[in-house]
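Engineer: Just dropping this structure here.
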Amino acid sequence: MLDLKLIRENADEVEKALARRNGGHSLSGIVKVDSSFRQIQAEWESLNQRSNVISEMFKTGKASKEEIESLRQESKDLKKRREDLEKEKAELEDELETLRLGLPNLPDATVPDGRDENDNVEVHSWGTIPTIQDPKHHWEIGPTLAVFDFERGVKLAESRFTLLEENGAKLERAIMNFYLDFHSKRGYRELFPPILVNRECMIGTGQLPKFEGEFYKCADDELYLVPTAEVPLTNVYRDEVLDEEQLPIYLCAYTPNFRREAGSAGKDTRGYIRQHQFNKVELVKFCLPDRSHEELESLTRSAELVLEALELPYRRIALCTGDLGLNSQKTYDLEVWFPAQDKYREISSCSMFGDFQARRANLRYKPADGGKPRFLHTLNGSGVAIGRTLAAILENNQQSDGSVTIPKVLVPYLGGMDELKPKN
RNA sequence: GGAGAGGUGGCUGAGUGGUCGAAAGCGGCUUCCUGCUAAGAAGUUGUACGGUCAAAAGCUGUACCGAGAGUUCGAAUCUCUCCCUCUCCGCCA
């Protein structure tokens, strides 16, 4: 959410900054609603003031008996007019809130301009792309190695749900534990948050109200299945004022994630890449406003390091303005190599949000110099997606005999197992 | 699920329908004092959005005592609905 004062006073500049994204975002609507809201507000306040004066006269008993009758009547009339104004005021306020919540963040100056993902910029790549004769897709390899059972996953739920067979289950858990251990050792405090969250959380991190159809919601409770651990983690300190000395705060957590994938019909329908339920370890940071850029670099680096530890070839992409998410000022995507698809696929997305989420979730810190509480800055990134990691390991580590070697760092997490062999 | 208690400022905790933005204590801040971070004394201390001002300070207006509705000239205080927390019992991983 953008600062209303900033919009009011520098509408042109804000509009110019937003124009770097796709689809123009006109501010004239917001400015207009804001000014009529304030006009109504002023009128309403002056009526209140009069009512308070009348009350005061009752209190002090200064009015004569005849005056009392007319004052009583006046007060009743005032109340009626106030109620009319209140209705109008509430409507305008709602409208203003909706408009503001729908407005995206301002892109950072360092973000490359562009229309869509084709204009994203590769920052660097790591690792050697393996040479594999006729590489197979992970969905071809998985079932032969007791990793995936796609048919039964669909039977249990619906499409885009997968049953992990014994090796898959163990591998998924090994990756998850490796990631959590790795980030915990590097200063991220491990939490295990609720996986159902309330609406305030979803608004706080920016999923709602704009993307209502993307998420699973409980019918009888105002609760949502988390689409990412970003939601509970970023909301941990919602409506709180932290001390400056507490910052920065690094959090990490594993959660399952649930997404309807409403806009992705027909995309990645095969395999384990795009599921309604998937596992992920997420990294979240809270920091002082002037630290965002370096925190983004180190956050992204943390995500890269787990891929390097797993020896998976990847590249880092800087998203262009047109591909940036609603909340984000700047985003790096990490993409890992998928041999059978002959391309890189996203496995992590690391973003800085400035005070955009902090305003929505009311996340503040008290400056050490004793000033008023200020909004802090938030960042997050996948550290990284577990299911896609599993798929990438299957594809990159496939051998000509149909087996798959396990990355060294995972072997201890698998009781010493260092390869998966086909049954027969 | 049954029974009960309660939701007030950064925290603890008072509050008779007008004198309550709200006692008191703690904490915070400022100053004084004792030759050093300990103790003591005094003062000060909510938030949001407006107005005034070049701006800040200051002054000033309105709102806010879980949320919403109602009674009343006037509600933290009375009534209703909802939400949440706590205690006991039951049930359950």
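Following the order of the structure tokens, first chain is A, next is B, and so on, with residues numbered from 1 inside each chain and ligands from 1 in the order they appear.
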Return the neighbours of chain A among the residues of chain B, cut-off 6 Å, counting only C-alpha atoms (C1' of nucleotides), as a list in words.
Structural biologist: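 Every residue meeting the condition is included here: G18, U62, C73 and G74 of chain B.
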Engineer: Would you please work out which residue, of A:Arg315, A:His293, A:Arg270, A:Lys285, is nearest to His138 in chain A when using only C-alpha atoms?
Structural biologist: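 So, comparing all the options, the nearest one is A:Arg270.
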Engineer: Skipping near chain neighbours, those fewer than 3 positions away, what residues fall within 12 Å of Met417 in chain A using only C-alpha atoms (C1' of nucleotides), listed as a PyMOL selection string?
Structural biologist: chain A and resi 167+170-171+174+404-414+420-421
Engineer: What's around C20 in chain B at 12 Å? Count only C-alpha atoms (C1' of nucleotides), leave out sequence neighbours fewer than 4 positions away in its own chain, and write the answer as a PyMOL selection string.
Structural biologist: chain B and resi 8+15+65+75-77
Engineer: What's around Glu172 in chain A at 7 Å? Count only C-alpha atoms (C1' of nucleotides), leave out sequence neighbours fewer than 2 positions away in its own chain, and write the answer as number ranges by chain.
Structural biologist: A: 168-170, 174-176, 386-387, 390
Engineer: Leaving out Phe150 in chain A and any residue of its chain fewer than 6 positions from it, which residues lie within 9 Å of it when counting only C-alpha atoms (C1' of nucleotides), given as an mmCIF file with all heavy atoms, in the first residue's frame?
Structural biologist:
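And here's part.cif as it stands now:
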data_model
loop_
_atom_site.group_PDB
_atom_site.id
_atom_site.type_symbol
_atom_site.label_atom_id
_atom_site.label_comp_id
_atom_site.auth_asym_id
_atom_site.auth_seq_id
_atom_site.Cartn_x
_atom_site.Cartn_y
_atom_site.Cartn_z
ATOM 1 N N TRP A 139 8.667 -36.720 -14.668
ATOM 2 C CA TRP A 139 7.438 -37.522 -14.516
ATOM 3 C C TRP A 139 7.555 -38.887 -15.181
ATOM 4 O O TRP A 139 6.753 -39.761 -14.933
ATOM 5 C CB TRP A 139 6.214 -36.762 -15.018
ATOM 6 C CG TRP A 139 6.224 -36.363 -16.463
ATOM 7 C CD1 TRP A 139 5.932 -37.148 -17.527
ATOM 8 C CD2 TRP A 139 6.522 -35.068 -16.995
ATOM 9 N NE1 TRP A 139 6.033 -36.437 -18.694
ATOM 10 C CE2 TRP A 139 6.392 -35.149 -18.404
ATOM 11 C CE3 TRP A 139 6.884 -33.842 -16.425
ATOM 12 C CZ2 TRP A 139 6.614 -34.060 -19.243
ATOM 13 C CZ3 TRP A 139 7.096 -32.756 -17.257
ATOM 14 C CH2 TRP A 139 6.977 -32.867 -18.644
ATOM 15 N N PRO A 143 8.014 -42.356 -11.510
ATOM 16 C CA PRO A 143 7.209 -43.557 -11.233
ATOM 17 C C PRO A 143 8.031 -44.852 -11.249
ATOM 18 O O PRO A 143 7.684 -45.808 -10.556
ATOM 19 C CB PRO A 143 6.173 -43.542 -12.370
ATOM 20 C CG PRO A 143 6.036 -42.088 -12.720
ATOM 21 C CD PRO A 143 7.429 -41.544 -12.592
ATOM 22 N N SER A 159 -6.890 -33.432 -9.942
ATOM 23 C CA SER A 159 -5.673 -33.220 -10.719
ATOM 24 C C SER A 159 -4.809 -32.159 -10.051
ATOM 25 O O SER A 159 -5.302 -31.320 -9.305
ATOM 26 C CB SER A 159 -6.017 -32.822 -12.157
ATOM 27 O OG SER A 159 -6.435 -31.484 -12.182
ATOM 28 N N ARG A 160 -3.516 -32.242 -10.332
ATOM 29 C CA ARG A 160 -2.511 -31.394 -9.692
ATOM 30 C C ARG A 160 -2.280 -31.769 -8.217
ATOM 31 O O ARG A 160 -1.815 -30.943 -7.422
ATOM 32 C CB ARG A 160 -2.855 -29.910 -9.772
ATOM 33 C CG ARG A 160 -2.787 -29.322 -11.199
ATOM 34 C CD ARG A 160 -2.696 -27.819 -11.142
ATOM 35 N NE ARG A 160 -2.983 -27.156 -12.395
ATOM 36 C CZ ARG A 160 -2.117 -27.075 -13.410
ATOM 37 N NH1 ARG A 160 -0.925 -27.637 -13.314
ATOM 38 N NH2 ARG A 160 -2.449 -26.444 -14.521
ATOM 39 N N PHE A 161 -2.660 -32.971 -7.847
ATOM 40 C CA PHE A 161 -2.260 -33.506 -6.542
ATOM 41 C C PHE A 161 -1.500 -34.803 -6.807
ATOM 42 O O PHE A 161 -1.900 -35.582 -7.672
ATOM 43 C CB PHE A 161 -3.468 -33.797 -5.647
ATOM 44 C CG PHE A 161 -4.094 -32.556 -5.066
ATOM 45 C CD1 PHE A 161 -5.109 -31.896 -5.752
ATOM 46 C CD2 PHE A 161 -3.667 -32.056 -3.844
ATOM 47 C CE1 PHE A 161 -5.689 -30.752 -5.227
ATOM 48 C CE2 PHE A 161 -4.247 -30.911 -3.309
ATOM 49 C CZ PHE A 161 -5.264 -30.257 -4.007
ATOM 50 N N THR A 162 -0.409 -34.993 -6.067
ATOM 51 C CA THR A 162 0.425 -36.169 -6.307
ATOM 52 C C THR A 162 0.656 -36.918 -5.009
ATOM 53 O O THR A 162 0.869 -36.304 -3.960
ATOM 54 C CB THR A 162 1.792 -35.727 -6.885
ATOM 55 O OG1 THR A 162 1.581 -35.077 -8.132
ATOM 56 C CG2 THR A 162 2.718 -36.921 -7.080
ATOM 57 N N LEU A 163 0.585 -38.252 -5.105
ATOM 58 C CA LEU A 163 0.972 -39.097 -3.983
ATOM 59 C C LEU A 163 2.459 -39.379 -4.112
ATOM 60 O O LEU A 163 2.909 -39.851 -5.159
ATOM 61 C CB LEU A 163 0.183 -40.402 -4.032
ATOM 62 C CG LEU A 163 0.620 -41.497 -3.041
ATOM 63 C CD1 LEU A 163 0.333 -41.079 -1.602
ATOM 64 C CD2 LEU A 163 -0.075 -42.816 -3.372
ATOM 65 N N LEU A 164 3.229 -39.057 -3.079
ATOM 66 C CA LEU A 164 4.644 -39.391 -3.114
ATOM 67 C C LEU A 164 4.810 -40.812 -2.617
ATOM 68 O O LEU A 164 4.357 -41.158 -1.525
ATOM 69 C CB LEU A 164 5.450 -38.426 -2.239
ATOM 70 C CG LEU A 164 5.639 -37.017 -2.826
ATOM 71 C CD1 LEU A 164 6.339 -36.122 -1.819
ATOM 72 C CD2 LEU A 164 6.395 -37.054 -4.137
ATOM 73 N N GLY A 271 3.436 -33.858 -14.489
ATOM 74 C CA GLY A 271 4.584 -33.733 -13.607
ATOM 75 C C GLY A 271 4.303 -33.059 -12.283
ATOM 76 O O GLY A 271 3.154 -32.884 -11.875
ATOM 77 N N TYR A 272 5.395 -32.645 -11.654
ATOM 78 C CA TYR A 272 5.359 -32.255 -10.248
ATOM 79 C C TYR A 272 5.689 -30.763 -10.096
ATOM 80 O O TYR A 272 6.018 -30.300 -9.035
ATOM 81 C CB TYR A 272 6.402 -33.106 -9.517
ATOM 82 C CG TYR A 272 6.233 -33.167 -8.010
ATOM 83 C CD1 TYR A 272 4.995 -33.433 -7.446
ATOM 84 C CD2 TYR A 272 7.328 -32.983 -7.169
ATOM 85 C CE1 TYR A 272 4.856 -33.510 -6.067
ATOM 86 C CE2 TYR A 272 7.191 -33.063 -5.785
ATOM 87 C CZ TYR A 272 5.951 -33.325 -5.255
ATOM 88 O OH TYR A 272 5.818 -33.398 -3.887
#
Engineer: Pick out the residues sitting within 6 Å of range 217-227 of chain A, and hand them over as a PyMOL selection string; count only C-alpha atoms (C1' of nucleotides), and ignore anything fewer than 6 positions along from it in its own chain.
Structural biologist: chain A and resi 195-198+257-259
Engineer: Using the selection just defined, write its residues with N, CA, C and O atoms as a compact mmCIF listing (two decimals), in the first residue's frame.
Structural biologist:
# COMPACT_ATOMS: atom_id res chain seq x y z
N ILE A 195 -1.02 -23.00 9.42
CA ILE A 195 -1.13 -23.17 7.98
C ILE A 195 -2.48 -22.62 7.50
O ILE A 195 -2.66 -22.37 6.32
N LEU A 196 -3.39 -22.41 8.44
CA LEU A 196 -4.59 -21.65 8.15
C LEU A 196 -4.39 -20.26 8.75
O LEU A 196 -3.98 -20.14 9.90
N VAL A 197 -4.66 -19.24 7.95
CA VAL A 197 -4.51 -17.88 8.47
C VAL A 197 -5.78 -17.08 8.21
O VAL A 197 -6.57 -17.42 7.32
N ASN A 198 -5.96 -16.03 8.98
CA ASN A 198 -7.17 -15.22 8.81
C ASN A 198 -6.99 -14.19 7.69
O ASN A 198 -5.90 -14.01 7.14
N ASN A 257 2.06 -25.43 0.87
CA ASN A 257 1.43 -24.25 0.27
C ASN A 257 0.30 -24.71 -0.62
O ASN A 257 0.41 -25.74 -1.29
N PHE A 258 -0.75 -23.92 -0.64
CA PHE A 258 -1.94 -24.30 -1.38
C PHE A 258 -2.37 -23.20 -2.34
O PHE A 258 -2.58 -22.06 -1.90
N ARG A 259 -2.44 -23.52 -3.61
CA ARG A 259 -2.83 -22.52 -4.60
C ARG A 259 -3.79 -23.13 -5.61
O ARG A 259 -3.61 -24.26 -6.05
Engineer: Just list as a PyMOL selection string whatever in range 206-411 of chain A DSSP marks as helix (DSSP H, G or I).
Structural biologist: chain A and resi 212-214+230-234+244-246+262-264+289-309+321-323+356-361+386-396+408-411
Engineer: Among range 157-307 of chain A, which residues carry a DSSP assignment of strand (DSSP E), reported as an MDAnalysis selection string?
Structural biologist: chainID A and resid 163:164 189:191 196:198 223:225 240:243 249:258 277:287
